[in-house]
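See below for data_11.csv, which holds CSV, C-alpha atoms.
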chain,number,residue,atom,x,y,z
A,1,MET,CA,-23.8,194.6,1.9
A,2,TRP,CA,-26.8,196.4,3.5
A,3,LEU,CA,-30.3,194.7,3.5
A,4,SER,CA,-32.6,197.7,3.9
A,5,ASP,CA,-36.3,198.2,4.7
A,6,PHE,CA,-37.0,194.8,6.1
A,7,ASN,CA,-39.0,193.8,9.1
A,8,LEU,CA,-36.2,192.3,11.2
A,9,VAL,CA,-37.2,189.4,13.5
A,10,LEU,CA,-34.7,189.9,16.4
A,11,PRO,CA,-34.5,187.6,19.4
A,12,ASP,CA,-36.9,189.7,21.5
A,13,CYS,CA,-38.8,192.0,19.2
A,14,VAL,CA,-39.6,192.8,15.5
A,15,ILE,CA,-38.1,196.0,14.1
A,16,LYS,CA,-40.3,197.5,11.3
A,17,SER,CA,-38.4,198.8,8.3
A,18,GLY,CA,-35.0,198.1,9.7
A,19,SER,CA,-31.6,197.4,8.1
A,20,LEU,CA,-28.9,194.8,8.5
A,21,LEU,CA,-25.3,194.9,7.3
A,22,ILE,CA,-23.5,191.7,6.3
A,23,GLU,CA,-19.7,191.7,6.2
A,24,ASP,CA,-17.4,188.7,5.9
A,25,GLY,CA,-20.4,186.4,6.2
A,26,LYS,CA,-21.4,187.8,9.6
A,27,ILE,CA,-24.0,190.3,10.8
A,28,ALA,CA,-22.0,193.5,11.3
A,29,GLU,CA,-24.6,196.1,12.2
A,30,ILE,CA,-28.4,196.5,12.7
A,31,ARG,CA,-30.3,199.8,12.4
A,32,ASP,CA,-33.9,200.6,13.1
A,33,HIS,CA,-34.4,202.5,9.9
A,34,ALA,CA,-33.9,202.1,6.2
A,35,VAL,CA,-30.5,203.0,4.7
A,36,PRO,CA,-29.8,204.3,1.2
A,37,GLY,CA,-28.1,202.1,-1.3
A,38,GLY,CA,-28.9,198.7,0.2
A,39,VAL,CA,-30.8,195.7,-1.2
A,40,ASP,CA,-34.4,197.0,-1.0
A,41,GLY,CA,-36.6,194.7,1.1
A,42,ALA,CA,-39.8,196.8,0.4
A,43,GLY,CA,-41.2,195.7,3.8
A,44,ARG,CA,-40.4,192.0,3.4
A,45,THR,CA,-39.5,190.1,6.5
A,46,LEU,CA,-36.0,188.9,7.5
A,47,PHE,CA,-35.7,185.9,9.8
A,48,PRO,CA,-32.7,184.1,11.3
A,49,GLY,CA,-32.0,180.9,9.4
A,50,PHE,CA,-33.9,178.0,10.9
A,51,ILE,CA,-32.0,175.3,12.7
A,52,ASP,CA,-33.8,171.9,12.5
A,53,MET,CA,-32.5,169.4,15.0
A,54,HIS,CA,-34.5,166.4,13.8
A,55,GLY,CA,-35.4,165.9,10.1
A,56,ASP,CA,-36.5,162.4,9.0
A,57,MET,CA,-36.4,163.3,5.3
A,58,ILE,CA,-33.0,161.8,4.2
A,59,GLU,CA,-34.1,158.2,4.8
A,60,GLN,CA,-37.1,158.8,2.5
A,61,GLU,CA,-34.9,160.5,-0.1
A,62,LEU,CA,-32.5,157.5,0.0
A,63,GLU,CA,-35.4,155.0,-0.2
A,64,PRO,CA,-38.4,156.7,-1.9
A,65,ARG,CA,-40.1,153.3,-2.3
A,66,VAL,CA,-39.5,150.1,-0.3
A,67,ARG,CA,-36.3,148.5,-1.5
A,68,VAL,CA,-35.6,151.2,-4.1
A,69,ASP,CA,-32.2,152.8,-3.2
A,70,PHE,CA,-31.3,156.2,-4.6
A,71,PRO,CA,-27.6,157.3,-4.7
A,72,MET,CA,-26.6,159.7,-1.8
A,73,ALA,CA,-25.7,162.5,-4.3
A,74,VAL,CA,-29.3,162.4,-5.7
A,75,ALA,CA,-30.9,162.2,-2.3
A,76,MET,CA,-28.8,164.9,-0.8
A,77,ALA,CA,-29.4,167.3,-3.8
A,78,SER,CA,-33.1,167.0,-3.4
A,79,LEU,CA,-33.1,167.4,0.4
A,80,ASP,CA,-30.6,170.3,0.3
A,81,ALA,CA,-32.8,172.2,-2.2
A,82,ARG,CA,-36.0,171.6,-0.2
A,83,LEU,CA,-34.4,172.8,3.0
A,84,ALA,CA,-32.8,175.9,1.5
A,85,ALA,CA,-36.1,176.9,-0.1
A,86,ALA,CA,-37.8,176.5,3.3
A,87,GLY,CA,-35.3,178.9,5.1
A,88,VAL,CA,-33.5,176.1,6.9
A,89,THR,CA,-29.7,176.9,7.1
A,90,THR,CA,-28.6,174.2,9.6
A,91,ALA,CA,-30.2,170.8,9.4
A,92,TYR,CA,-29.6,167.7,11.5
A,93,ALA,CA,-30.4,164.7,9.4
A,94,ALA,CA,-31.9,162.0,11.6
A,95,VAL,CA,-30.5,158.5,10.9
A,96,SER,CA,-31.7,155.5,12.8
A,97,PHE,CA,-29.8,152.7,14.5
A,98,SER,CA,-32.7,150.3,15.0
A,99,ARG,CA,-34.3,147.2,13.6
A,100,GLY,CA,-37.4,149.1,12.8
A,101,ALA,CA,-40.2,146.7,11.7
A,102,ARG,CA,-40.9,148.8,8.6
A,103,ASP,CA,-37.5,148.3,7.1
A,104,GLY,CA,-36.2,145.0,8.5
A,105,GLU,CA,-32.5,144.9,7.8
A,106,ARG,CA,-32.6,148.3,6.0
A,107,ARG,CA,-31.8,150.0,9.3
A,108,SER,CA,-29.2,147.5,10.3
A,109,PHE,CA,-26.1,149.1,11.6
A,110,ASP,CA,-23.9,148.5,8.5
A,111,HIS,CA,-26.5,150.3,6.4
A,112,THR,CA,-26.8,153.1,9.0
A,113,SER,CA,-23.0,153.6,9.2
A,114,GLY,CA,-22.8,153.7,5.4
A,115,VAL,CA,-25.5,156.4,5.3
A,116,ILE,CA,-23.8,158.4,8.0
A,117,ARG,CA,-20.4,158.3,6.2
A,118,GLY,CA,-22.0,159.1,2.9
A,119,LEU,CA,-23.9,162.0,4.3
A,120,SER,CA,-20.8,163.2,6.0
A,121,GLU,CA,-18.9,163.3,2.7
A,122,ALA,CA,-21.9,164.7,0.7
A,123,ARG,CA,-22.3,167.8,2.9
A,124,ALA,CA,-19.2,169.4,1.6
A,125,HIS,CA,-21.1,170.1,-1.6
A,126,ALA,CA,-24.3,171.3,0.0
A,127,ARG,CA,-26.0,174.7,0.4
A,128,VAL,CA,-27.3,174.0,3.8
A,129,ASP,CA,-25.1,173.2,6.8
A,130,HIS,CA,-26.0,169.6,7.2
A,131,ARG,CA,-25.3,167.8,10.5
A,132,ILE,CA,-25.9,164.3,11.7
A,133,HIS,CA,-28.3,163.2,14.4
A,134,ALA,CA,-27.8,159.6,15.2
A,135,ARG,CA,-30.8,158.0,16.7
A,136,PHE,CA,-29.8,155.1,18.9
A,137,ASP,CA,-32.3,152.5,19.8
A,138,ILE,CA,-31.5,151.3,23.3
A,139,THR,CA,-32.6,147.8,22.6
A,140,PHE,CA,-29.9,147.5,19.9
A,141,ASP,CA,-27.0,146.3,22.0
A,142,ASN,CA,-24.6,145.5,19.2
A,143,ALA,CA,-24.7,149.1,17.8
A,144,VAL,CA,-22.9,150.7,20.7
A,145,GLY,CA,-19.5,149.9,19.2
A,146,VAL,CA,-20.6,151.1,15.8
A,147,LEU,CA,-21.7,154.4,17.2
A,148,ALA,CA,-18.4,154.7,19.1
A,149,ASP,CA,-16.5,154.3,15.8
A,150,LEU,CA,-18.6,157.0,14.1
A,151,LEU,CA,-18.1,159.4,17.1
A,152,ASP,CA,-14.3,158.7,17.0
A,153,GLU,CA,-14.4,159.7,13.3
A,154,GLY,CA,-16.2,163.0,14.2
A,155,ARG,CA,-19.2,162.2,12.0
A,156,VAL,CA,-22.0,162.5,14.5
A,157,ASP,CA,-23.2,165.9,15.9
A,158,LEU,CA,-26.1,164.8,18.1
A,159,VAL,CA,-27.2,161.5,19.6
A,160,SER,CA,-30.7,160.6,20.8
A,161,LEU,CA,-31.6,157.6,22.8
A,162,MET,CA,-34.9,156.1,21.7
A,163,ASP,CA,-37.0,153.0,22.5
A,164,HIS,CA,-39.7,152.3,20.0
A,165,THR,CA,-41.0,149.2,21.8
A,166,PRO,CA,-44.8,149.4,21.6
A,167,GLY,CA,-46.6,149.9,25.0
A,168,GLN,CA,-44.5,152.9,26.2
A,169,GLY,CA,-43.1,156.2,24.9
A,170,GLN,CA,-44.8,157.5,21.8
A,171,TYR,CA,-46.6,154.1,21.4
A,172,ARG,CA,-47.8,153.9,24.9
A,173,ASN,CA,-51.4,153.8,23.7
A,174,LEU,CA,-51.4,150.3,22.0
A,175,GLU,CA,-54.8,150.6,20.5
A,176,ILE,CA,-53.9,153.8,18.5
A,177,HIS,CA,-50.6,152.3,17.6
A,178,ILE,CA,-52.3,149.2,16.2
A,179,LYS,CA,-54.8,151.3,14.2
A,180,ASN,CA,-52.0,153.4,12.7
A,181,LYS,CA,-49.9,150.4,11.9
A,182,ALA,CA,-52.8,148.7,10.2
A,183,ALA,CA,-53.4,151.8,8.0
A,184,TYR,CA,-49.7,152.2,7.3
A,185,HIS,CA,-49.1,148.6,6.1
A,186,GLY,CA,-52.6,148.1,4.6
A,187,VAL,CA,-53.3,145.1,6.8
A,188,SER,CA,-56.2,144.2,9.1
A,189,GLU,CA,-56.2,145.2,12.8
A,190,THR,CA,-55.8,141.6,13.7
A,191,GLU,CA,-52.7,141.3,11.6
A,192,ALA,CA,-51.4,144.6,13.0
A,193,ARG,CA,-52.0,143.4,16.5
A,194,GLN,CA,-49.9,140.3,15.8
A,195,MET,CA,-47.1,142.5,14.4
A,196,VAL,CA,-47.1,144.5,17.5
A,197,THR,CA,-47.0,141.5,19.8
A,198,THR,CA,-44.0,140.1,17.8
A,199,ALA,CA,-42.2,143.5,18.0
A,200,ILE,CA,-42.6,143.6,21.8
A,201,ALA,CA,-41.2,140.1,22.1
A,202,GLU,CA,-38.2,140.8,19.8
A,203,ARG,CA,-37.3,143.9,21.6
A,204,SER,CA,-37.7,142.6,25.1
A,205,ARG,CA,-34.5,143.1,27.2
A,206,PRO,CA,-33.8,143.0,30.9
A,207,GLN,CA,-33.9,146.6,32.3
A,208,GLU,CA,-30.2,146.4,33.4
A,209,ILE,CA,-29.1,145.8,29.8
A,210,LEU,CA,-31.1,148.8,28.6
A,211,LEU,CA,-29.7,151.0,31.3
A,212,ALA,CA,-26.2,149.8,30.6
A,213,ASN,CA,-26.6,150.6,26.9
A,214,MET,CA,-27.9,154.1,27.8
A,215,ARG,CA,-25.0,154.7,30.2
A,216,GLN,CA,-22.4,153.6,27.6
A,217,VAL,CA,-23.9,155.9,24.9
A,218,ALA,CA,-24.1,158.8,27.4
A,219,ARG,CA,-20.5,158.4,28.4
A,220,LEU,CA,-19.4,158.3,24.7
A,221,CYS,CA,-21.3,161.5,24.0
A,222,ASP,CA,-19.8,163.2,27.1
A,223,SER,CA,-16.2,162.2,26.1
A,224,HIS,CA,-16.7,163.4,22.5
A,225,GLY,CA,-18.5,166.7,23.5
A,226,VAL,CA,-21.6,165.7,21.5
A,227,PRO,CA,-25.0,166.7,22.9
A,228,LEU,CA,-27.4,163.9,24.0
A,229,ALA,CA,-31.1,164.0,23.6
A,230,SER,CA,-33.8,161.8,25.0
A,231,HIS,CA,-36.8,160.7,22.9
A,232,ASP,CA,-40.5,160.2,23.7
A,233,ASP,CA,-40.2,160.7,27.5
A,234,ASP,CA,-43.5,159.5,28.9
A,235,THR,CA,-43.1,159.8,32.6
A,236,ALA,CA,-41.4,162.1,35.2
A,237,ASP,CA,-39.1,159.1,36.1
A,238,LYS,CA,-38.0,158.7,32.4
A,239,ALA,CA,-37.3,162.4,32.1
A,240,ASN,CA,-35.3,162.3,35.4
A,241,LEU,CA,-33.3,159.3,34.3
A,242,MET,CA,-32.4,161.1,31.0
A,243,ALA,CA,-31.4,164.3,32.9
A,244,ASP,CA,-29.2,162.2,35.2
A,245,LEU,CA,-27.5,160.7,32.1
A,246,GLY,CA,-26.7,164.2,30.9
A,247,ALA,CA,-29.3,164.7,28.2
A,248,VAL,CA,-29.8,168.4,27.2
A,249,ILE,CA,-32.8,168.0,25.0
A,250,SER,CA,-36.0,166.0,25.6
A,251,GLU,CA,-37.4,165.5,22.1
A,252,PHE,CA,-41.1,164.7,21.7
A,253,PRO,CA,-42.1,164.3,25.3
A,254,VAL,CA,-45.5,162.5,25.2
A,255,THR,CA,-47.1,163.7,28.4
A,256,PRO,CA,-47.3,167.1,30.2
A,257,GLU,CA,-45.7,165.5,33.3
A,258,ALA,CA,-42.6,164.4,31.3
A,259,ALA,CA,-42.3,167.8,29.6
A,260,GLU,CA,-42.6,169.7,32.9
A,261,THR,CA,-40.0,167.4,34.6
A,262,ALA,CA,-37.6,167.8,31.7
A,263,VAL,CA,-37.8,171.6,32.0
A,264,GLN,CA,-37.4,171.5,35.8
A,265,ARG,CA,-34.3,169.5,35.2
A,266,GLY,CA,-32.9,172.1,32.9
A,267,MET,CA,-33.4,170.3,29.6
A,268,MET,CA,-34.9,172.0,26.5
A,269,THR,CA,-37.9,170.3,25.0
A,270,ALA,CA,-38.5,169.8,21.3
A,271,MET,CA,-41.7,168.9,19.5
A,272,GLY,CA,-42.7,168.3,15.9
A,273,ALA,CA,-43.7,171.3,13.7
A,274,PRO,CA,-46.4,169.1,12.0
A,275,ASN,CA,-47.9,168.5,15.5
A,276,ALA,CA,-47.9,172.3,16.1
A,277,MET,CA,-49.4,173.0,12.7
A,278,ARG,CA,-52.1,170.3,13.0
A,279,GLY,CA,-52.8,171.0,16.6
A,280,GLN,CA,-52.4,167.4,17.6
A,281,SER,CA,-49.9,164.6,17.7
A,282,TYR,CA,-50.4,161.8,15.2
A,283,SER,CA,-50.0,159.2,17.9
A,284,GLY,CA,-52.5,160.8,20.3
A,285,ASN,CA,-49.9,162.2,22.7
A,286,LEU,CA,-49.1,165.7,24.0
A,287,SER,CA,-49.9,168.4,21.5
A,288,ALA,CA,-47.2,170.9,20.8
A,289,ARG,CA,-49.7,173.8,21.1
A,290,ASP,CA,-50.7,172.5,24.6
A,291,ALA,CA,-47.0,172.3,25.6
A,292,HIS,CA,-46.4,175.8,24.2
A,293,GLY,CA,-49.4,177.1,26.2
A,294,ARG,CA,-47.9,175.5,29.3
A,295,GLY,CA,-44.6,177.3,28.7
A,296,VAL,CA,-42.7,174.0,28.3
A,297,LEU,CA,-41.9,174.0,24.6
A,298,HIS,CA,-38.5,175.4,23.5
A,299,ILE,CA,-37.8,173.9,20.1
A,300,LEU,CA,-39.8,173.0,16.9
A,301,ALA,CA,-38.3,170.3,14.6
A,302,ALA,CA,-39.4,169.1,11.1
A,303,ASP,CA,-39.5,165.5,12.4
B,1,MET,CA,-47.6,179.8,17.0
B,2,ALA,CA,-46.8,183.5,16.5
B,3,ARG,CA,-50.4,184.4,17.5
B,4,ARG,CA,-50.2,182.2,20.6
B,5,ASP,CA,-46.7,183.2,21.8
B,6,PRO,CA,-46.5,185.8,24.5
B,7,ASP,CA,-43.6,187.3,22.5
B,8,GLY,CA,-45.5,187.0,19.2
B,9,LEU,CA,-43.4,186.4,16.0
B,10,ALA,CA,-40.1,187.0,17.9
B,11,GLY,CA,-41.0,184.3,20.4
B,12,SER,CA,-42.3,181.7,17.9
B,13,THR,CA,-39.2,182.3,15.7
B,14,ARG,CA,-36.9,181.5,18.7
B,15,LEU,CA,-38.4,177.9,18.7
B,16,ALA,CA,-36.6,177.3,15.4
B,17,SER,CA,-33.5,179.4,15.8
B,18,ALA,CA,-32.1,180.7,19.1
B,19,HIS,CA,-33.3,177.8,21.2
B,20,PRO,CA,-32.0,175.0,19.1
B,21,ALA,CA,-28.7,176.9,18.7
B,22,GLN,CA,-28.5,177.1,22.5
B,23,ALA,CA,-29.4,173.5,23.0
B,24,LEU,CA,-27.0,172.2,20.4
B,25,GLY,CA,-24.1,174.4,21.4
B,26,LEU,CA,-24.0,176.4,18.2
B,27,ALA,CA,-22.8,179.7,19.6
B,28,ASP,CA,-22.0,181.2,16.2
B,29,ARG,CA,-25.6,181.4,14.9
B,30,GLY,CA,-29.3,181.3,15.8
B,31,SER,CA,-30.4,185.0,15.8
B,32,LEU,CA,-30.2,188.3,14.0
B,33,THR,CA,-27.6,189.7,16.4
B,34,VAL,CA,-24.4,191.6,15.6
B,35,GLY,CA,-21.4,189.2,15.4
B,36,LYS,CA,-23.5,186.1,14.5
B,37,ARG,CA,-23.1,184.3,11.2
B,38,ALA,CA,-25.3,185.7,8.5
B,39,ASP,CA,-27.6,182.7,8.2
B,40,LEU,CA,-31.0,184.1,7.4
B,41,PHE,CA,-34.0,184.1,5.1
B,42,VAL,CA,-36.6,186.5,3.7
B,43,THR,CA,-40.3,186.0,3.3
B,44,ASP,CA,-42.8,188.0,1.2
B,45,ALA,CA,-46.4,189.1,2.1
B,46,HIS,CA,-47.6,185.6,1.2
B,47,ASN,CA,-45.2,183.9,3.7
B,48,ARG,CA,-43.2,182.5,0.8
B,49,VAL,CA,-39.4,182.1,1.3
B,50,VAL,CA,-37.9,184.3,-1.4
B,51,MET,CA,-34.3,184.2,-0.4
B,52,THR,CA,-32.0,182.2,1.9
B,53,MET,CA,-28.4,182.9,2.9
B,54,ARG,CA,-25.8,180.9,4.7
B,55,ALA,CA,-22.9,182.8,6.1
B,56,GLY,CA,-23.7,185.8,3.8
B,57,SER,CA,-23.9,183.7,0.6
B,58,VAL,CA,-27.1,183.1,-1.2
B,59,ILE,CA,-28.3,179.4,-1.2
B,60,HIS,CA,-31.8,180.0,-2.5
B,61,ALA,CA,-33.4,182.9,-4.4
B,62,ASP,CA,-36.6,183.0,-6.4
B,63,GLY,CA,-35.5,186.2,-8.2
B,64,THR,CA,-38.0,188.6,-6.6
B,65,LEU,CA,-35.4,190.4,-4.5
B,66,ALA,CA,-32.9,192.5,-6.4
B,67,LEU,CA,-29.8,191.1,-4.9
B,68,ASP,CA,-26.1,191.8,-5.4
B,69,ALA,CA,-24.8,189.1,-3.1
B,70,PRO,CA,-22.3,186.3,-3.6
B,71,VAL,CA,-23.7,182.9,-4.4
B,72,LEU,CA,-22.4,180.0,-2.4
B,73,GLN,CA,-19.9,178.0,-4.6
B,74,PRO,CA,-19.8,174.3,-4.0
B,75,ALA,CA,-16.5,172.9,-2.5
B,76,GLU,CA,-14.2,171.2,-5.1
Turn the structure described in the file into structure tokens.
Amino acid sequence: MWLSDFNLVLPDCVIKSGSLLIEDGKIAEIRDHAVPGGVDGAGRTLFPGFIDMHGDMIEQELEPRVRVDFPMAVAMASLDARLAAAGVTTAYAAVSFSRGARDGERRSFDHTSGVIRGLSEARAHARVDHRIHARFDITFDNAVGVLADLLDEGRVDLVSLMDHTPGQGQYRNLEIHIKNKAAYHGVSETEARQMVTTAIAERSRPQEILLANMRQVARLCDSHGVPLASHDDDTADKANLMADLGAVISEFPVTPEAAETAVQRGMMTAMGAPNAMRGQSYSGNLSARDAHGRGVLHILAAD
Amino acid sequence: MARRDPDGLAGSTRLASAHPAQALGLADRGSLTVGKRADLFVTDAHNRVVMTMRAGSVIHADGTLALDAPVLQPAE
């Protein structure tokens, strides 16, 4: 089937009024002029399908209100339709292994494993090519074995190592974090400050344990051929550590220094499309436009 | 981003297609290149997505493009 008279967005240029032939589900030919008898684009624009490496939407579809659980089939149908209508053809659903303060046990590893297995089954009926991005919180020691089981079952396509302990990474500016938290939970700044203090205490681990968790997960990814991403790199040291562990993507670097180090070490950087659209990061960190201007932005993700 | 990218629309599009494909090891997709999977979408003059295809099958269409293409059938 020919698609004719489209602006074709090729990897290095845009062809005006070009044509593209599809055969057996693949692109078979590209021409720089219209062809007779094809689907007439009348000057519309043809893009490669978007690949989103980090979408947080599935967790909201599954739990649209606190403690209101929707069935996977309903959540998946909604997400799938939204993504297809946005031009996304490959989507990595981000699912967290963490004890996030927002959700309490909601994100405990039994729940997370259930979500990943459910997603894995539901994708057979989906329009979009859904994949699974497991977000591993490095302070969650007991989840290493759970992640290993899921990798053995072939249900995980990307792993990121994150640490959402306030005071570093994306939450390195504690005052902004406390203000955002107060607004999110509808509590006073004094109460939010107490929540943050508690979160820091709960998550506190000796550095060796955190490093051991990271090394174990990195080895698991390597042995299963699953790419590893780092998350919220905030210093050159952190980016170097992640590169040493074999990470290929630095997602949401929070300082120019971290982004530049990641690039020097051969990693690709990813930032939030909402950050690029708004011109600023919601947590007051590196702006995607700034990173793009510095030539250190490779990937945009829905986030 | 297209206005800011040194490569314009082609450069900003790579941020959501060729680059993630490369980083994630998806060699079969990520660009409008001969031999790649026909994963693509079409926008109109108002930047609305009017049609999306995965591997040559339509997975979204608002009806404004006169198509004669297979529609993706769900797996049984």
At a cut-off of 7 Å, using all atoms listed in the file, what residues contact stretch 58-62 of chain B? Leave out same-chain residues fewer than 2 positions from it and give the result as a ChimeraX atom specification. /A:84-85,127 /B:50-54,56,64,69-72
Would you list which chain A residues are within 7 Å of chain B using all atoms listed in the file, as a ChimeraX atom specification? /A:9-14,22,25-30,39,44-53,84-87,89,124-127,227,248-249,268,298-300
Two-atom distance - atom CA of A:Gly38, atom CA of A:Leu3 (Å):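 Separation of atom CA of A:Gly38 and atom CA of A:Leu3: 5.4 Å.
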Using all atoms listed in the file, can you list as a PDB file with C-alpha atoms, keeping the file's coordinate frame the residues within 6 Å of (-22.8, 191.8, 4.4)?
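Here's the written file selection_27.pdb:
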ATOM      1  CA  MET A   1     -23.800 194.600   1.900  1.00  0.00           C
ATOM      2  CA  LEU A  21     -25.300 194.900   7.300  1.00  0.00           C
ATOM      3  CA  ILE A  22     -23.500 191.700   6.300  1.00  0.00           C
ATOM      4  CA  GLU A  23     -19.700 191.700   6.200  1.00  0.00           C
TER       5      GLU A  23
END
Would you list the residues near (-35.2, 162.7, 34.3) (no more than 12 Å away, in the coordinates of the file, using all atoms listed in the file) as a PyMOL selection string? chain A and resi 229-231+233-250+253+257-267
Would you compute the distance between atom CA of A:Ala77 and atom CA of A:Phe97? Give it in Å to one decimal. 23.4 Å
As a list in words, please: the residues near stretch 178-187 of chain A (cut-off 12 Å, only C-alpha atoms, same-chain neighbours under 6 positions excluded). Val66, Ala101, Arg102, Asp103, Pro166, Gly167, Tyr171, Arg172, Arg193, Gln194, Met195, Val196, Thr197, Ala199, Tyr282, Ser283 and Gly284 of chain A
Closest of A:Phe109, A:Trp2, A:Tyr92, A:Phe252 to A:Ala291, counting all atoms listed in the file, is A:Phe252
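Interatomic distance, atom CA of A:Ala93 to atom CA of A:Ile132: 5.1 Å.
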Excluding stretch 142-151 of chain A and its own-chain neighbours fewer than 3 positions away, which residues fall within 12 Å of it when counting all atoms listed in the file? Please give them as an MDAnalysis selection string. chainID A and resid 95:99 107:118 120 132:139 154:161 209:210 212:227
